[in-house]
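**Student:** Dropping in coords_27.csv, with CSV, C-alpha atoms.
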chain,number,residue,atom,x,y,z
A,1,MET,CA,4.9,38.8,-83.8
A,2,LYS,CA,6.9,41.5,-82.0
A,3,VAL,CA,10.4,42.6,-82.9
A,4,ALA,CA,12.9,42.5,-80.0
A,5,LEU,CA,16.4,43.9,-79.8
A,6,VAL,CA,18.8,42.7,-77.1
A,7,THR,CA,22.0,44.8,-76.8
A,8,GLY,CA,25.0,42.7,-75.7
A,9,GLY,CA,22.8,39.7,-76.5
A,10,SER,CA,25.6,37.3,-77.5
A,11,ARG,CA,26.4,35.8,-74.1
A,12,GLY,CA,25.5,35.5,-70.4
A,13,ILE,CA,22.4,37.3,-69.3
A,14,GLY,CA,21.9,38.8,-72.8
A,15,ALA,CA,22.0,35.4,-74.5
A,16,ALA,CA,19.4,34.0,-72.0
A,17,ILE,CA,17.2,37.0,-72.6
A,18,SER,CA,17.5,36.4,-76.3
A,19,PHE,CA,16.4,32.8,-75.9
A,20,GLU,CA,13.5,33.7,-73.6
A,21,LEU,CA,12.1,36.4,-76.0
A,22,ALA,CA,12.4,34.1,-78.9
A,23,SER,CA,10.5,31.3,-77.0
A,24,LEU,CA,7.7,33.8,-76.5
A,25,GLY,CA,7.3,34.1,-80.3
A,26,ASN,CA,9.2,37.3,-80.9
A,27,LYS,CA,11.6,38.1,-83.7
A,28,VAL,CA,14.9,38.6,-81.9
A,29,PHE,CA,17.9,40.7,-83.0
A,30,VAL,CA,21.0,39.7,-81.1
A,31,ASN,CA,23.3,42.7,-80.9
A,32,TYR,CA,27.0,42.2,-80.5
A,33,SER,CA,30.1,44.4,-80.8
A,34,LYS,CA,33.0,42.0,-81.0
A,35,SER,CA,31.7,38.5,-80.2
A,36,ALA,CA,30.4,37.5,-83.7
A,37,GLU,CA,31.0,33.8,-83.1
A,38,LYS,CA,29.0,33.9,-79.8
A,39,ALA,CA,26.2,35.9,-81.4
A,40,LEU,CA,25.9,33.4,-84.3
A,41,GLU,CA,25.8,30.5,-81.8
A,42,VAL,CA,22.8,32.2,-80.0
A,43,VAL,CA,21.1,32.8,-83.4
A,44,GLU,CA,21.6,29.2,-84.5
A,45,CYS,CA,20.4,27.8,-81.2
A,46,ILE,CA,17.2,29.9,-81.5
A,47,ARG,CA,16.6,28.9,-85.1
A,48,SER,CA,17.2,25.2,-84.3
A,49,SER,CA,14.4,25.5,-81.7
A,50,GLY,CA,12.0,26.9,-84.3
A,51,GLY,CA,12.5,30.6,-83.4
A,52,TRP,CA,13.4,33.7,-85.4
A,53,ALA,CA,16.7,35.4,-84.8
A,54,GLU,CA,19.3,37.5,-86.5
A,55,ALA,CA,22.7,38.8,-85.3
A,56,VAL,CA,23.3,42.6,-85.7
A,57,LYS,CA,26.7,44.1,-85.2
A,58,GLY,CA,27.2,47.5,-83.6
A,59,ASP,CA,29.0,49.3,-80.8
A,60,VAL,CA,26.0,50.7,-78.9
A,61,SER,CA,28.1,53.4,-77.3
A,62,VAL,CA,28.8,54.9,-80.8
A,63,PRO,CA,25.9,57.0,-82.3
A,64,SER,CA,26.6,56.1,-85.9
A,65,ASP,CA,26.7,52.4,-85.1
A,66,VAL,CA,23.4,52.6,-83.3
A,67,ASP,CA,21.7,54.5,-86.1
A,68,SER,CA,22.9,52.1,-88.7
A,69,MET,CA,21.8,49.1,-86.7
A,70,VAL,CA,18.4,50.4,-85.9
A,71,ARG,CA,17.9,51.4,-89.6
A,72,SER,CA,18.7,47.9,-90.8
A,73,ILE,CA,16.3,46.4,-88.3
A,74,ARG,CA,13.6,48.8,-89.4
A,75,GLU,CA,14.1,47.9,-93.0
A,76,GLU,CA,14.1,44.2,-92.4
A,77,ALA,CA,11.4,43.8,-89.7
A,78,GLY,CA,9.6,47.1,-89.3
A,79,GLY,CA,11.1,48.6,-86.2
A,80,VAL,CA,11.8,47.5,-82.7
A,81,ASP,CA,8.9,46.8,-80.3
A,82,ILE,CA,10.8,45.4,-77.4
A,83,LEU,CA,14.2,46.8,-76.4
A,84,VAL,CA,16.4,45.3,-73.8
A,85,ASN,CA,19.3,47.6,-72.8
A,86,ASN,CA,21.6,44.8,-71.5
A,87,ALA,CA,25.1,45.8,-72.8
A,88,GLY,CA,27.5,46.2,-69.9
A,89,VAL,CA,31.2,46.1,-69.0
A,90,THR,CA,33.3,46.4,-65.9
A,91,ARG,CA,36.6,48.2,-65.3
A,92,ASP,CA,37.0,47.7,-61.6
A,93,ASN,CA,39.4,49.6,-59.3
A,94,LEU,CA,39.5,51.7,-56.2
A,95,ILE,CA,38.6,55.2,-57.1
A,96,LEU,CA,42.1,56.6,-56.2
A,97,ARG,CA,43.6,54.1,-58.8
A,98,MET,CA,40.9,54.3,-61.4
A,99,LYS,CA,41.9,55.8,-64.7
A,100,GLU,CA,39.6,58.4,-66.2
A,101,GLU,CA,39.3,56.4,-69.4
A,102,ASP,CA,38.0,53.4,-67.4
A,103,TRP,CA,35.3,55.6,-65.8
A,104,ASP,CA,34.3,57.0,-69.2
A,105,TYR,CA,34.3,53.6,-70.9
A,106,VAL,CA,32.0,52.0,-68.4
A,107,MET,CA,29.7,55.0,-68.5
A,108,ASP,CA,29.6,55.0,-72.3
A,109,VAL,CA,28.8,51.3,-72.6
A,110,ASN,CA,26.5,50.8,-69.6
A,111,LEU,CA,24.6,54.1,-69.6
A,112,LYS,CA,25.1,56.2,-72.7
A,113,SER,CA,24.3,53.2,-74.9
A,114,ALA,CA,20.8,53.0,-73.3
A,115,PHE,CA,20.2,56.7,-74.2
A,116,LEU,CA,21.4,56.2,-77.7
A,117,VAL,CA,19.5,53.0,-78.5
A,118,THR,CA,16.3,54.0,-76.8
A,119,LYS,CA,16.2,57.3,-78.6
A,120,ALA,CA,16.8,55.5,-81.9
A,121,VAL,CA,13.9,53.1,-81.5
A,122,LEU,CA,11.4,55.3,-79.6
A,123,LYS,CA,9.8,57.1,-82.6
A,124,ASP,CA,8.7,53.7,-84.1
A,125,MET,CA,7.2,52.7,-80.7
A,126,MET,CA,5.4,56.0,-80.4
A,127,LYS,CA,3.9,55.6,-83.9
A,128,LYS,CA,2.7,52.1,-83.1
A,129,ARG,CA,1.5,53.2,-79.6
A,130,TRP,CA,3.1,50.1,-78.1
A,131,GLY,CA,6.5,49.4,-76.7
A,132,ARG,CA,8.5,47.6,-74.0
A,133,ILE,CA,11.8,49.0,-72.8
A,134,ILE,CA,13.7,46.9,-70.1
A,135,ASN,CA,16.9,48.2,-68.7
A,136,ILE,CA,19.3,45.7,-67.1
A,137,SER,CA,20.8,47.5,-64.1
A,138,SER,CA,22.4,45.7,-61.1
A,139,VAL,CA,21.8,45.2,-57.4
A,140,VAL,CA,25.0,47.2,-56.7
A,141,ALA,CA,23.2,50.2,-58.0
A,142,LEU,CA,21.1,49.9,-54.8
A,143,ILE,CA,23.7,48.7,-52.3
A,144,GLY,CA,27.1,49.8,-53.7
A,145,ASN,CA,30.3,47.8,-54.0
A,146,PRO,CA,33.8,48.9,-53.2
A,147,GLY,CA,36.1,49.0,-56.3
A,148,GLN,CA,33.1,49.6,-58.6
A,149,THR,CA,32.3,53.3,-58.3
A,150,ASN,CA,32.1,53.6,-62.1
A,151,TYR,CA,29.9,50.4,-62.5
A,152,CYS,CA,27.6,51.3,-59.6
A,153,ALA,CA,27.2,54.8,-60.9
A,154,SER,CA,26.3,53.7,-64.4
A,155,LYS,CA,23.8,51.1,-63.2
A,156,ALA,CA,22.2,53.6,-60.7
A,157,GLY,CA,21.9,56.0,-63.6
A,158,LEU,CA,19.9,53.4,-65.5
A,159,ILE,CA,17.4,53.4,-62.7
A,160,GLY,CA,16.9,57.1,-62.8
A,161,PHE,CA,16.7,56.9,-66.6
A,162,THR,CA,14.0,54.2,-66.3
A,163,LYS,CA,11.8,56.2,-64.0
A,164,ALA,CA,12.1,59.5,-65.9
A,165,LEU,CA,11.5,57.8,-69.3
A,166,ALA,CA,8.5,55.9,-68.0
A,167,LYS,CA,6.8,59.2,-67.2
A,168,GLU,CA,7.6,60.6,-70.6
A,169,VAL,CA,6.2,57.8,-72.8
A,170,GLY,CA,3.5,56.2,-70.7
A,171,THR,CA,0.6,57.9,-72.5
A,172,ARG,CA,1.8,56.1,-75.7
A,173,ASN,CA,1.4,52.7,-74.2
A,174,ILE,CA,5.1,52.2,-73.8
A,175,THR,CA,6.3,50.7,-70.5
A,176,VAL,CA,9.8,51.2,-69.1
A,177,ASN,CA,11.2,49.0,-66.3
A,178,ALA,CA,14.5,48.0,-64.8
A,179,VAL,CA,15.8,44.7,-63.6
A,180,CYS,CA,18.6,44.5,-61.1
A,181,PRO,CA,20.4,41.1,-61.1
A,182,GLY,CA,22.5,40.1,-58.1
A,183,TYR,CA,25.4,37.8,-58.4
A,184,ILE,CA,24.7,35.9,-61.6
A,185,GLU,CA,27.1,33.2,-62.8
A,186,THR,CA,28.4,34.6,-66.2
A,187,ASP,CA,31.7,35.2,-68.0
A,188,MET,CA,31.8,38.6,-66.3
A,189,THR,CA,31.7,37.2,-62.7
A,190,VAL,CA,33.4,33.8,-63.0
A,191,SER,CA,36.9,35.5,-62.8
A,192,LEU,CA,36.2,36.8,-59.3
A,193,PRO,CA,38.5,35.4,-56.6
A,194,GLN,CA,37.1,32.4,-54.7
A,195,ASP,CA,37.2,34.2,-51.3
A,196,VAL,CA,35.1,37.0,-52.8
A,197,LYS,CA,32.6,34.5,-54.1
A,198,ASP,CA,32.4,32.7,-50.8
A,199,LYS,CA,31.7,36.0,-48.9
A,200,LEU,CA,29.0,36.9,-51.4
A,201,LEU,CA,27.3,33.6,-51.1
A,202,GLU,CA,27.1,33.9,-47.3
A,203,ALA,CA,24.9,37.0,-47.9
A,204,VAL,CA,22.5,35.3,-50.4
A,205,VAL,CA,19.4,34.3,-48.6
A,206,LEU,CA,18.5,31.5,-51.0
A,207,GLY,CA,21.9,30.0,-50.6
A,208,ARG,CA,22.9,29.9,-54.3
A,209,PHE,CA,24.1,32.2,-57.0
A,210,GLY,CA,21.7,33.1,-59.8
A,211,THR,CA,21.6,31.9,-63.3
A,212,PRO,CA,21.1,34.0,-66.5
A,213,GLU,CA,17.7,32.2,-66.8
A,214,ASP,CA,16.6,33.6,-63.5
A,215,VAL,CA,17.0,37.1,-65.0
A,216,ALA,CA,15.6,36.2,-68.4
A,217,GLY,CA,12.3,35.0,-66.8
A,218,ILE,CA,11.3,38.4,-65.4
A,219,VAL,CA,12.5,40.2,-68.6
A,220,GLY,CA,10.3,37.9,-70.6
A,221,PHE,CA,7.3,38.7,-68.4
A,222,LEU,CA,7.8,42.4,-68.6
A,223,SER,CA,7.9,42.2,-72.4
A,224,THR,CA,4.3,40.8,-72.6
A,225,GLU,CA,0.8,42.1,-72.3
A,226,LYS,CA,0.6,40.6,-68.9
A,227,ALA,CA,2.8,43.4,-67.7
A,228,SER,CA,1.0,46.2,-69.5
A,229,TYR,CA,0.1,48.0,-66.3
A,230,ILE,CA,3.6,47.9,-64.8
A,231,THR,CA,6.0,50.8,-65.6
A,232,GLY,CA,8.8,52.8,-63.9
A,233,GLN,CA,9.5,49.9,-61.6
A,234,VAL,CA,12.8,48.2,-60.4
A,235,PHE,CA,12.8,44.4,-60.1
A,236,VAL,CA,15.6,43.0,-57.9
A,237,VAL,CA,16.6,39.4,-58.9
A,238,ASP,CA,19.3,38.7,-56.3
A,239,GLY,CA,18.2,35.7,-54.1
A,240,GLY,CA,17.9,38.1,-51.2
A,241,LEU,CA,21.4,39.4,-51.4
A,242,SER,CA,20.3,43.0,-50.8
A,243,LEU,CA,18.0,42.3,-47.8
Will you turn the file into structure tokens for me?
**Tutor:**
Amino acid sequence: MKVALVTGGSRGIGAAISFELASLGNKVFVNYSKSAEKALEVVECIRSSGGWAEAVKGDVSVPSDVDSMVRSIREEAGGVDILVNNAGVTRDNLILRMKEEDWDYVMDVNLKSAFLVTKAVLKDMMKKRWGRIINISSVVALIGNPGQTNYCASKAGLIGFTKALAKEVGTRNITVNAVCPGYIETDMTVSLPQDVKDKLLEAVVLGRFGTPEDVAGIVGFLSTEKASYITGQVFVVDGGLSL
């Protein structure tokens, strides 16, 4: 049984990934920063289905929180085998109106957190000579989106991070891949104006918006031995939006 950590795993795509990894027989640690109630709901749902799950609190953009969280996982379960860097936020605005603190906040949560958590778990993976690191980027990292320079830059950074890290750790049987969701119906996207949603839907080849489960499926596959010869790759899950 492998040990998985899903950052931002309490809702949306993160929750679906937590369910998927648990269904594959992994011990799943559901990370949250503020949404304790949501994280516990995910944990209880996994347990009621016969899976193993624990909620772990920690702001993954804060080094001391990350170190404490990873240490507790190591003590309880022996270290992380599968890491999904999923934590993400938005602070949208046109760049001329964007506050510096909004730029920094998005970079810290979306990109710096991946560096901090990956670094914290990597030694255990290298000792075991086995690991799976899956970074949740976004289709906007590839095509851009007005009003989201901070978000696009952070998610594009994850792709570069993925490719460089894959080359660093491949000889230790650790794979590193990125998944780029398109428009997925979650709490983060539901608040978009209807005219924006309509315009987006027109560009989706499959004619529907994605679900968190659409993303979780590819993440689950990448976490298994079936994907052992795949590394440094970017998987776009957008229904054809970026074509």
**Student:** Quick one: residues within 10 Å of stretch 51-58 of chain A, all atoms listed in the file, excluding same-chain residues fewer than 6 positions away - as a VMD selection string?
**Tutor:** chain A and resid 3 to 10 18 to 19 21 to 45 64 to 70 72 to 73
**Student:** Could you please determine the separation between atom CA of A:Tyr229 and atom CA of A:Ala114 in Å, to one decimal place?
**Tutor:**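 Atom-to-atom, atom CA of A:Tyr229 to atom CA of A:Ala114, that is 22.4 Å.
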**Student:** May I ask which of the residues A:Leu96, A:Val236, A:Val215, A:Ile82 is the closest one to A:Trp130, counting only C-alpha atoms?
**Tutor:**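 Among A:Leu96, A:Val236, A:Val215, A:Ile82, it is A:Ile82 that comes nearest to A:Trp130.
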**Student:** Grab the atom CA of A:Val121 to atom CA of A:Leu142 distance for me, in Å with one decimal place.
**Tutor:**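 It comes out at 27.8 Å.
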**Student:** In Å, how far is it from atom CA of A:Met126 to atom CA of A:Ser228?
**Tutor:**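 Separation of atom CA of A:Met126 and atom CA of A:Ser228: 15.3 Å.
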**Student:** From the list A:Gly78, A:Gly232, A:Gly14, A:Gly131, which residue is nearest A:Arg172 when using all atoms listed in the file?
**Tutor:**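 Smallest separation from A:Arg172 among the options: A:Gly131.
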**Student:** For stretch 190-207 of chain A, work out the shell of residues within 10 Å, counting all atoms listed in the file and skipping chain neighbours fewer than 3 positions away, then give it as a ChimeraX atom specification.
**Tutor:** /A:182-187,210,238-243
**Student:** Rank A:Cys152, A:Ile46, A:Ile134, A:Val60 by their smallest atom-to-atom distance to A:Ala120, using only C-alpha atoms, and report the top residue only.
**Tutor:**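 With only C-alpha atoms as the atom set, the closest residue is A:Val60.
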**Student:** Taking all atoms listed in the file into account, name the residue in A:Val62, A:Glu20, A:Leu111, A:Glu101 that is nearest to A:Thr224.
**Tutor:**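 That would be A:Glu20, the residue with the smallest distance to A:Thr224.
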**Student:** Could you check which residues have any atom within 12 Å of (30.9, 57.2, -61.9), counting all atoms listed in the file with coordinates taken straight from the file, and then list them as an MDAnalysis selection string?
**Tutor:** chainID A and resid 90:95 98:108 110:111 141 144 147:157
**Student:** Go through A:Glu75, A:Asp81, A:Glu168, A:Glu213 and flag the residue nearest A:Met1, using all atoms listed in the file for the distances.
**Tutor:**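 The closest residue to A:Met1 is A:Asp81.
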**Student:** Give me, as a PDB file with C-alpha atoms, in the coordinates of the input, all polymer residues having an atom no more than 10 Å from A:Leu165, counting only C-alpha atoms and skipping those fewer than 5 positions away in the same chain.
**Tutor:**
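Contents of part-v4.pdb, freshly written:
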ATOM      1  CA  THR A 118      16.300  54.000 -76.800  1.00  0.00           C
ATOM      2  CA  ILE A 133      11.800  49.000 -72.800  1.00  0.00           C
ATOM      3  CA  ILE A 159      17.400  53.400 -62.700  1.00  0.00           C
ATOM      4  CA  GLY A 160      16.900  57.100 -62.800  1.00  0.00           C
ATOM      5  CA  GLY A 170       3.500  56.200 -70.700  1.00  0.00           C
ATOM      6  CA  ILE A 174       5.100  52.200 -73.800  1.00  0.00           C
ATOM      7  CA  THR A 175       6.300  50.700 -70.500  1.00  0.00           C
ATOM      8  CA  VAL A 176       9.800  51.200 -69.100  1.00  0.00           C
ATOM      9  CA  ASN A 177      11.200  49.000 -66.300  1.00  0.00           C
ATOM     10  CA  THR A 231       6.000  50.800 -65.600  1.00  0.00           C
ATOM     11  CA  GLY A 232       8.800  52.800 -63.900  1.00  0.00           C
TER      12      GLY A 232
END
**Student:** For the structure just given, write the atoms of stretch 17-139 of chain A, namely C-alpha atoms, as a short mmCIF file (atom, residue, chain, number, x, y, z; two decimals), in the first residue's frame.
**Tutor:**
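Saved as decode.cif:
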data_model
loop_
_atom_site.label_atom_id
_atom_site.label_comp_id
_atom_site.auth_asym_id
_atom_site.auth_seq_id
_atom_site.Cartn_x
_atom_site.Cartn_y
_atom_site.Cartn_z
CA ILE A 17 -8.07 13.01 -6.74
CA SER A 18 -8.13 11.95 -3.08
CA PHE A 19 -11.09 9.64 -3.78
CA GLU A 20 -9.40 8.20 -6.86
CA LEU A 21 -6.10 7.47 -5.14
CA ALA A 22 -7.91 5.85 -2.23
CA SER A 23 -9.92 3.68 -4.63
CA LEU A 24 -6.62 2.41 -6.01
CA GLY A 25 -5.67 1.10 -2.58
CA ASN A 26 -3.42 3.92 -1.37
CA LYS A 27 -3.28 5.51 2.05
CA VAL A 28 -4.34 9.09 1.36
CA PHE A 29 -3.47 12.17 3.37
CA VAL A 30 -5.87 14.98 2.52
CA ASN A 31 -4.13 18.31 3.04
CA TYR A 32 -6.07 21.44 3.88
CA SER A 33 -5.23 24.91 5.14
CA LYS A 34 -8.56 26.34 6.31
CA SER A 35 -11.33 23.98 5.16
CA ALA A 36 -11.17 21.47 8.03
CA GLU A 37 -14.83 20.55 7.70
CA LYS A 38 -14.51 19.86 3.97
CA ALA A 39 -11.35 17.78 4.50
CA LEU A 40 -13.03 15.67 7.17
CA GLU A 41 -15.98 15.09 4.85
CA VAL A 42 -13.60 13.74 2.20
CA VAL A 43 -11.87 11.54 4.77
CA GLU A 44 -15.14 10.14 6.10
CA CYS A 45 -16.40 9.44 2.58
CA ILE A 46 -13.21 7.53 1.76
CA ARG A 47 -13.40 5.56 4.99
CA SER A 48 -17.07 4.72 4.48
CA SER A 49 -16.07 3.18 1.15
CA GLY A 50 -13.47 1.00 2.84
CA GLY A 51 -10.46 3.19 2.08
CA TRP A 52 -7.75 4.69 4.27
CA ALA A 53 -7.55 8.46 4.75
CA GLU A 54 -6.41 11.11 7.18
CA ALA A 55 -6.73 14.89 7.09
CA VAL A 56 -3.55 16.91 7.58
CA LYS A 57 -3.55 20.64 8.20
CA GLY A 58 -0.88 22.89 6.79
CA ASP A 59 -0.36 25.99 4.68
CA VAL A 60 1.80 24.53 1.93
CA SER A 61 3.26 27.94 1.10
CA VAL A 62 4.81 28.15 4.58
CA PRO A 63 8.04 26.12 5.08
CA SER A 64 7.47 25.36 8.77
CA ASP A 65 3.95 24.06 8.07
CA VAL A 66 5.24 21.85 5.27
CA ASP A 67 8.05 20.40 7.38
CA SER A 68 5.69 19.67 10.26
CA MET A 69 3.11 18.06 7.99
CA VAL A 70 5.58 15.83 6.16
CA ARG A 71 7.23 14.82 9.44
CA SER A 72 3.89 13.73 10.88
CA ILE A 73 3.09 11.70 7.75
CA ARG A 74 6.50 10.03 7.92
CA GLU A 75 5.99 9.11 11.57
CA GLU A 76 2.51 7.72 10.97
CA ALA A 77 2.84 6.03 7.58
CA GLY A 78 6.51 5.90 6.62
CA GLY A 79 6.83 8.75 4.14
CA VAL A 80 5.09 9.92 0.99
CA ASP A 81 5.24 7.74 -2.15
CA ILE A 82 2.76 9.69 -4.30
CA LEU A 83 2.64 13.48 -4.19
CA VAL A 84 -0.03 15.49 -5.95
CA ASN A 85 0.75 19.21 -5.90
CA ASN A 86 -2.80 20.42 -6.37
CA ALA A 87 -3.14 23.45 -4.05
CA GLY A 88 -4.16 26.49 -6.02
CA VAL A 89 -5.79 29.91 -5.72
CA THR A 90 -6.77 32.79 -7.99
CA ARG A 91 -6.57 36.54 -7.48
CA ASP A 92 -7.68 37.75 -10.91
CA ASN A 93 -7.29 41.25 -12.28
CA LEU A 94 -5.86 43.09 -15.25
CA ILE A 95 -2.15 43.60 -14.66
CA LEU A 96 -2.44 47.39 -14.42
CA ARG A 97 -4.87 46.92 -11.54
CA MET A 98 -3.23 43.91 -9.93
CA LYS A 99 -1.82 44.42 -6.47
CA GLU A 100 1.67 43.13 -5.77
CA GLU A 101 0.38 41.12 -2.83
CA ASP A 102 -2.10 39.36 -5.14
CA TRP A 103 0.73 38.42 -7.48
CA ASP A 104 2.86 37.13 -4.59
CA TYR A 105 0.01 35.22 -2.96
CA VAL A 106 -0.84 33.30 -6.13
CA MET A 107 2.83 32.53 -6.78
CA ASP A 108 3.35 31.32 -3.22
CA VAL A 109 0.34 28.99 -3.12
CA ASN A 110 0.43 27.72 -6.70
CA LEU A 111 4.16 27.46 -7.39
CA LYS A 112 6.31 27.90 -4.30
CA SER A 113 4.25 25.28 -2.47
CA ALA A 114 5.18 22.68 -5.08
CA PHE A 115 8.85 23.42 -4.47
CA LEU A 116 8.49 23.24 -0.69
CA VAL A 117 6.42 20.05 -0.50
CA THR A 118 8.37 18.24 -3.21
CA LYS A 119 11.67 19.02 -1.53
CA ALA A 120 10.29 17.80 1.81
CA VAL A 121 9.15 14.40 0.49
CA LEU A 122 11.85 13.74 -2.09
CA LYS A 123 14.51 12.22 0.19
CA ASP A 124 12.13 9.46 1.27
CA MET A 125 11.26 8.71 -2.37
CA MET A 126 14.94 8.58 -3.32
CA LYS A 127 15.72 6.18 -0.48
CA LYS A 128 12.88 3.89 -1.58
CA ARG A 129 13.87 4.32 -5.24
CA TRP A 130 10.21 4.81 -6.10
CA GLY A 131 8.00 7.85 -6.36
CA ARG A 132 5.26 9.60 -8.28
CA ILE A 133 4.99 13.39 -8.40
CA ILE A 134 2.02 14.86 -10.26
CA ASN A 135 1.67 18.62 -10.57
CA ILE A 136 -1.73 20.11 -11.33
CA SER A 137 -1.13 22.96 -13.77
CA SER A 138 -3.80 24.47 -16.05
CA VAL A 139 -4.61 24.83 -19.73
#
